[in-house]
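Following: one structure in structure tokens, then a few remarks.
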Number of protein chains: 2
Amino acid sequence: MPASAARKEAKRERMLDAAVLEIARHGYFGTTVSSIARRAGVADGTIYLYFKSKEDVLVSIFQRAMQQFIGEAQHIVDDHGAGAEEKFRRTVALHLSLLGENRDLAVIFQVEFRHTLHVLELLSRSRIRDYLALIARVVQQGKDEGVFRPEVDTLLAAKVVFGVLDEMATDWVLSRKNIRLASRAEPVSDLLLGGLRIS
Amino acid sequence: MPASAARKEAKRERMLDAAVLEIARHGYFGTTVSSIARRAGVADGTIYLYFKSKEDVLVSIFQRAMQQFIGEAQHIVDDHGAGAEEKFRRTVALHLSLLGENRDLAVIFQVEFRHTLHVLELLSRSRIRDYLALIARVVQQGKDEGVFRPEVDTLLAAKVVFGVLDEMATDWVLSRKNIRLASRAEPVSDLLLGGLRIS
DNA sequence: GGGGAGTAATTGAGTAGCCATTCATCTTCT
DNA sequence: AGAAGATGAATGGCTACTCAATTACTCCCC
């Protein structure tokens with residue numbers, strides 16, 4: 001029998017999965033704690049044994065996803081064998097694949113997290129900054145290698161890249177068409193690299 | 001004496017202004033209809049003589065702002081004397097100035113409009129598409145003039161541009177620092193034009 | 001130019017519904 | 001047996017929206 005800690009963890013995951021599904025479909029304010037509990041197969045009260053509040057569930061969804069996200073991006077950026085351009089392309093592709101493979105999660109990231117300045121600040125202060133810093137490191141490496149234009153502001157460039165990826169994801173979430181989000185990776189990388197490269 | 005139609009219109013404007021203020025400060029779900037009424041100096045019920053529902057107030061804020069926005073952008077794009085690059089720079093500057101000059105409105109645009117897929121879809125279907133089309137026309141003109149790379153997808157490029165502007169605005173809204181949003185126009189234009197231009 | 005009938009606009013207290021959270025009770029583990 | 005975990009009905013607070021009552025306009029006639 002598995003340690004009860006592991007079973008508790010699995011139950012928590014089930015609740016988070018249920019919440020992702022419900023919130024993606026009905027929005028944060030349209031989702032009731034009861035509906036999350038029902039889908040997770042637990043009682044309403046049980047949610048409160050695992051989370052402080054409904055908002056804490058939302059924040060936990062963000063934290064879990066962001067951990068995976070940053071973990072994988074870290075890998076790419078830390079790869080000593082790769083050049084800046086290759087890392088750039090891989091990071092763009094990673095961002096678009098992770099969101100593109102889980103539409104419910106993408107909906108939550110692109111739409112539901114932005115509910116209120118309050119929540120957004122709470123979240124963006126922490127992890128998004130880390131993520132931006134990773135992108136900035138790739139840009140910096142490109143400048144160091146002499147392939148990216150030295151006069152561009154590194155952090156500004158990172159925000160530009162993030163903004164483009166974010167818009168691609170939002171557009172994909174809102175559009176009915178069945179393209180794969182990841183298919184945008186190449187043209188988007190081309191366009192952005194065109195702006196960064198020394199011509 | 002002004003036709004009563006004009007006074008009604010002025011009252012409607014007052015309510016919208018009050019709503020912008022309240023919603024920017026407390027978020028859409030944190031704002032009560034009562035608080036909007038109080039700030040506008042009318043009774044709760046009066047709101048419902050001018051708007052179908054609370055959501056309709058939000059949508060009306062969007063419609064009013066977007067009309068101004070698109071009107072001014074139209075001007076720039078229709079200017080026959082200007083080249084694509086100049087129009088491009090002017091459009092970028094317009095976007096960042098209009099939002100940068102009214103932080104409350106910017107908060108609503110960057111944060112509050114996104115609270116549910118429902119509202120977002122409602123809105124994005126209509127006006128944002130028009131706006132994207134305007135940007136696309138500038139890109140197309142650049143290709144026609146032979147200064148922008150012909151192989152870039154025009155609509156994709158427009159979305160990229162929009163995404164970058166959107167991210168700049170969100171970043172500005174969330175950051176405490178007191179830079180002017182419009183000061184980003186030049187470096188951002190440079191970066192984007194670098195990606196679009198034939199090198 | 002003012003009185004007043006008729007209409008339009010406004011008011012705000014009340015209603016109805018919703019839902020996050022709690023906790024006394026029960027079930028399952030060790 | 002005792003502890004730990006889970007349950008779900010009940011509670012309390014909140015607020016969008018309604019509507020009967022009131023006030024403000026308009027305009028016509030003297």
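Chain lettering (A, B, ...) mirrors the order of the structure tokens, residue numbering begins at 1 for each chain separately, and ligand numbering begins at 1 in order of display.
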
For chain C against chain A, which residues fall within 9 Å using only C-alpha atoms (C1' of nucleotides), given as a compact mmCIF listing (two decimals) with C-alpha atoms (C1' of nucleotides), in the first residue's frame?
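The result, stored in iface_39.txt:
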```
# COMPACT_ATOMS: atom_id res chain seq x y z
C1' DC C 19 -22.72 30.16 -3.44
C1' DA C 20 -18.34 30.09 -0.48
C1' DT C 21 -17.48 28.31 3.68
C1' DT C 22 -18.26 25.73 8.14
```

Note to self: I need the helix (DSSP H, G or I) residues of chain B per DSSP on the backbone, written as a VMD selection string.
What the structure shows: chain B and resid 4 to 26 33 to 40 44 to 50 54 to 78 84 to 100 103 to 110 112 to 114 117 to 145 154 to 174 181 to 196

Got time to write the residues from that selection, C-alpha atoms, as a compact mmCIF listing (two decimals), in the first residue's frame?
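Produced file out-v1.txt, reproduced below:
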```
# COMPACT_ATOMS: atom_id res chain seq x y z
CA SER B 4 -33.28 66.20 -23.93
CA ALA B 5 -31.62 63.59 -26.13
CA ALA B 6 -28.33 65.40 -25.60
CA ARG B 7 -28.79 65.45 -21.85
CA LYS B 8 -29.58 61.77 -21.82
CA GLU B 9 -26.44 61.11 -23.77
CA ALA B 10 -24.42 63.17 -21.28
CA LYS B 11 -25.85 61.19 -18.41
CA ARG B 12 -25.01 57.96 -20.12
CA GLU B 13 -21.45 59.18 -20.55
CA ARG B 14 -21.29 60.04 -16.85
CA MET B 15 -22.34 56.54 -15.96
CA LEU B 16 -19.76 55.03 -18.27
CA ASP B 17 -17.04 57.25 -16.81
CA ALA B 18 -18.07 56.25 -13.30
CA ALA B 19 -17.99 52.60 -14.30
CA VAL B 20 -14.50 52.91 -15.80
CA LEU B 21 -13.25 54.35 -12.56
CA GLU B 22 -14.87 51.80 -10.30
CA ILE B 23 -14.06 48.78 -12.40
CA ALA B 24 -10.44 49.82 -12.85
CA ARG B 25 -10.07 50.11 -9.07
CA HIS B 26 -12.04 47.09 -7.86
CA VAL B 33 -23.94 48.33 -9.63
CA SER B 34 -24.68 50.46 -6.57
CA SER B 35 -21.15 51.80 -6.46
CA ILE B 36 -21.28 52.79 -10.12
CA ALA B 37 -24.61 54.52 -9.52
CA ARG B 38 -23.32 56.30 -6.46
CA ARG B 39 -20.27 57.62 -8.26
CA ALA B 40 -22.35 58.73 -11.23
CA ASP B 44 -29.33 52.10 -8.80
CA GLY B 45 -32.42 51.72 -10.92
CA THR B 46 -31.35 54.43 -13.31
CA ILE B 47 -28.47 52.30 -14.54
CA TYR B 48 -31.05 49.88 -15.86
CA LEU B 49 -32.80 52.59 -17.83
CA TYR B 50 -29.61 53.06 -19.84
CA LYS B 54 -24.12 45.08 -15.55
CA GLU B 55 -22.36 43.19 -18.32
CA ASP B 56 -23.86 45.56 -20.84
CA VAL B 57 -22.13 48.42 -19.03
CA LEU B 58 -18.79 46.69 -19.51
CA VAL B 59 -19.47 46.00 -23.16
CA SER B 60 -20.50 49.62 -23.67
CA ILE B 61 -17.22 50.82 -22.21
CA PHE B 62 -15.44 48.68 -24.75
CA GLN B 63 -17.55 49.84 -27.66
CA ARG B 64 -17.09 53.51 -26.86
CA ALA B 65 -13.32 53.23 -26.47
CA MET B 66 -12.91 51.05 -29.50
CA GLN B 67 -14.80 53.49 -31.67
CA GLN B 68 -12.36 56.26 -30.83
CA PHE B 69 -9.45 53.91 -31.21
CA ILE B 70 -10.38 52.62 -34.63
CA GLY B 71 -11.44 56.05 -35.81
CA GLU B 72 -8.01 57.47 -35.19
CA ALA B 73 -6.20 54.46 -36.55
CA GLN B 74 -8.32 54.64 -39.70
CA HIS B 75 -7.02 58.17 -40.25
CA ILE B 76 -3.44 57.07 -40.12
CA VAL B 77 -3.93 54.12 -42.40
CA ASP B 78 -5.93 56.11 -44.95
CA ALA B 84 4.19 52.02 -44.82
CA GLU B 85 6.99 52.48 -42.33
CA GLU B 86 5.72 55.84 -41.22
CA LYS B 87 2.16 54.56 -40.89
CA PHE B 88 3.51 51.65 -38.93
CA ARG B 89 5.32 53.88 -36.48
CA ARG B 90 2.33 56.15 -36.11
CA THR B 91 -0.04 53.27 -35.44
CA VAL B 92 2.23 51.84 -32.78
CA ALA B 93 2.53 55.27 -31.19
CA LEU B 94 -1.23 55.80 -31.30
CA HIS B 95 -1.97 52.52 -29.58
CA LEU B 96 0.49 53.15 -26.79
CA SER B 97 -0.50 56.80 -26.32
CA LEU B 98 -4.22 56.23 -26.09
CA LEU B 99 -3.78 53.58 -23.43
CA GLY B 100 -0.92 55.41 -21.77
CA ARG B 103 -4.57 54.31 -16.93
CA ASP B 104 -8.04 53.35 -15.74
CA LEU B 105 -9.13 52.55 -19.24
CA ALA B 106 -5.90 50.68 -19.81
CA VAL B 107 -6.52 48.55 -16.75
CA ILE B 108 -9.92 47.64 -18.06
CA PHE B 109 -8.62 46.83 -21.52
CA GLN B 110 -5.65 44.79 -20.36
CA GLU B 112 -10.91 43.29 -16.91
CA PHE B 113 -12.15 42.57 -20.39
CA ARG B 114 -10.62 39.16 -20.21
CA LEU B 117 -14.26 33.56 -22.55
CA HIS B 118 -17.83 34.59 -23.09
CA VAL B 119 -17.23 38.33 -22.89
CA LEU B 120 -13.92 38.10 -24.66
CA GLU B 121 -15.45 36.26 -27.57
CA LEU B 122 -18.33 38.65 -27.70
CA LEU B 123 -15.93 41.53 -28.06
CA SER B 124 -13.09 40.09 -30.05
CA ARG B 125 -15.40 38.91 -32.76
CA SER B 126 -16.35 42.43 -33.60
CA ARG B 127 -13.92 45.25 -33.17
CA ILE B 128 -10.56 43.66 -32.57
CA ARG B 129 -10.86 41.99 -35.92
CA ASP B 130 -11.38 45.39 -37.52
CA TYR B 131 -8.35 46.69 -35.74
CA LEU B 132 -6.20 43.76 -36.82
CA ALA B 133 -7.36 44.35 -40.38
CA LEU B 134 -6.10 47.92 -40.20
CA ILE B 135 -2.67 46.80 -39.08
CA ALA B 136 -2.69 44.16 -41.79
CA ARG B 137 -3.32 46.83 -44.39
CA VAL B 138 -0.19 48.66 -43.32
CA VAL B 139 1.84 45.48 -43.57
CA GLN B 140 0.39 44.78 -46.98
CA GLN B 141 1.25 48.28 -48.15
CA GLY B 142 4.83 47.70 -47.01
CA LYS B 143 5.00 44.54 -49.06
CA ASP B 144 3.53 46.35 -52.06
CA GLU B 145 6.10 49.11 -51.71
CA THR B 154 0.30 39.46 -43.51
CA LEU B 155 -2.32 38.50 -40.94
CA LEU B 156 0.19 36.67 -38.80
CA ALA B 157 2.36 39.75 -38.78
CA ALA B 158 -0.60 41.89 -37.74
CA LYS B 159 -1.27 39.55 -34.83
CA VAL B 160 2.38 39.66 -33.85
CA VAL B 161 2.28 43.45 -33.80
CA PHE B 162 -0.93 43.48 -31.81
CA GLY B 163 0.49 40.96 -29.36
CA VAL B 164 3.54 43.07 -28.73
CA LEU B 165 1.52 46.23 -28.16
CA ASP B 166 -0.82 44.34 -25.89
CA GLU B 167 2.03 42.99 -23.81
CA MET B 168 3.64 46.41 -23.54
CA ALA B 169 0.38 47.80 -22.23
CA THR B 170 -0.16 44.97 -19.76
CA ASP B 171 3.37 45.26 -18.50
CA TRP B 172 2.92 48.99 -18.03
CA VAL B 173 -0.38 48.54 -16.21
CA LEU B 174 1.13 46.03 -13.83
CA LEU B 181 3.92 54.01 -22.03
CA ALA B 182 4.38 56.01 -25.23
CA SER B 183 8.13 56.04 -24.68
CA ARG B 184 8.13 52.39 -25.68
CA ALA B 185 6.82 53.21 -29.13
CA GLU B 186 10.15 53.87 -30.76
CA PRO B 187 12.22 50.91 -29.56
CA VAL B 188 9.29 48.59 -30.17
CA SER B 189 8.78 49.92 -33.69
CA ASP B 190 12.47 49.52 -34.40
CA LEU B 191 12.45 45.92 -33.28
CA LEU B 192 9.34 45.00 -35.22
CA LEU B 193 10.36 46.83 -38.35
CA GLY B 194 13.67 45.02 -38.14
CA GLY B 195 11.75 41.78 -38.49
CA LEU B 196 9.56 43.02 -41.31
```

Margin query: Using Å and a single decimal, report how far atom CA of Gly30 of chain B sits from atom C1' of DC23 of chain C.
Written below: 28.6 Å

Next item on the list: Could you please tell me, as a ChimeraX atom specification, which residues of chain D have an atom within 10 Å of chain A when using only C-alpha atoms (C1' of nucleotides)?
Entry: /D:5-8

Based on the selection just made, write C-alpha atoms (C1' of nucleotides) of those residues as a short mmCIF file (atom, residue, chain, number, x, y, z; two decimals), in the first residue's frame.
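Listing of out-v2.cif after writing:
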```
data_model
loop_
_atom_site.label_atom_id
_atom_site.label_comp_id
_atom_site.auth_asym_id
_atom_site.auth_seq_id
_atom_site.Cartn_x
_atom_site.Cartn_y
_atom_site.Cartn_z
"C1'" DG D 5 -9.95 11.96 6.84
"C1'" DA D 6 -14.25 12.82 4.49
"C1'" DT D 7 -19.00 14.22 4.23
"C1'" DG D 8 -22.83 17.41 2.79
#
```

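Shortest atom-to-atom contact with chain A among B:Gly27, B:Phe51, B:Arg197, B:Asn178: B:Gly27, counting only C-alpha atoms.
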
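Across the structure, atom CA of Lys177 of chain A and atom CA of Thr116 of chain B are spaced 19.6 Å apart.
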
Item checked: Surrounding residues of DG4 of chain C excluding itself and chain neighbours under 6 positions, 12 Å, only C-alpha atoms (C1' of nucleotides), as an MDAnalysis selection string -> chainID D and resid 26:30

Selection file, N, CA and C atoms (P, O5', C5', C4', C3', O3' and C1' of nucleotides), as a CSV table (one decimal), in the first residue's frame:
```
chain,number,residue,atom,x,y,z
D,26,DT,P,-37.7,69.4,-21.2
D,26,DT,O5',-39.1,69.2,-22.0
D,26,DT,C5',-39.9,68.1,-21.8
D,26,DT,C4',-41.2,68.3,-22.4
D,26,DT,C3',-41.3,69.5,-23.3
D,26,DT,O3',-42.1,69.1,-24.5
D,26,DT,C1',-43.0,69.6,-21.6
D,27,DC,P,-42.1,69.8,-25.9
D,27,DC,O5',-43.6,70.2,-26.0
D,27,DC,C5',-44.6,69.4,-25.4
D,27,DC,C4',-45.9,70.2,-25.2
D,27,DC,C3',-46.0,71.5,-26.0
D,27,DC,O3',-47.3,71.7,-26.4
D,27,DC,C1',-46.2,72.1,-23.8
D,28,DC,P,-47.9,71.7,-27.8
D,28,DC,O5',-49.4,72.0,-27.6
D,28,DC,C5',-50.1,71.2,-26.6
D,28,DC,C4',-50.9,72.2,-25.8
D,28,DC,C3',-51.5,73.4,-26.5
D,28,DC,O3',-52.9,73.5,-26.2
D,28,DC,C1',-50.5,74.1,-24.5
D,29,DC,P,-53.9,74.3,-27.1
D,29,DC,O5',-54.9,74.9,-26.1
D,29,DC,C5',-55.0,74.3,-24.8
D,29,DC,C4',-55.3,75.4,-23.8
D,29,DC,C3',-56.0,76.6,-24.4
D,29,DC,O3',-57.1,77.0,-23.5
D,29,DC,C1',-54.1,77.3,-23.3
D,30,DC,P,-58.3,78.0,-23.9
D,30,DC,O5',-58.2,79.2,-22.8
D,30,DC,C5',-58.0,78.8,-21.4
D,30,DC,C4',-57.4,80.0,-20.7
D,30,DC,C3',-58.0,81.4,-21.1
D,30,DC,O3',-58.5,82.0,-20.0
D,30,DC,C1',-55.6,81.4,-21.1
```

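Atom CA of Ser199 of chain A is found 17.2 Å from atom CA of Gly146 of chain B.
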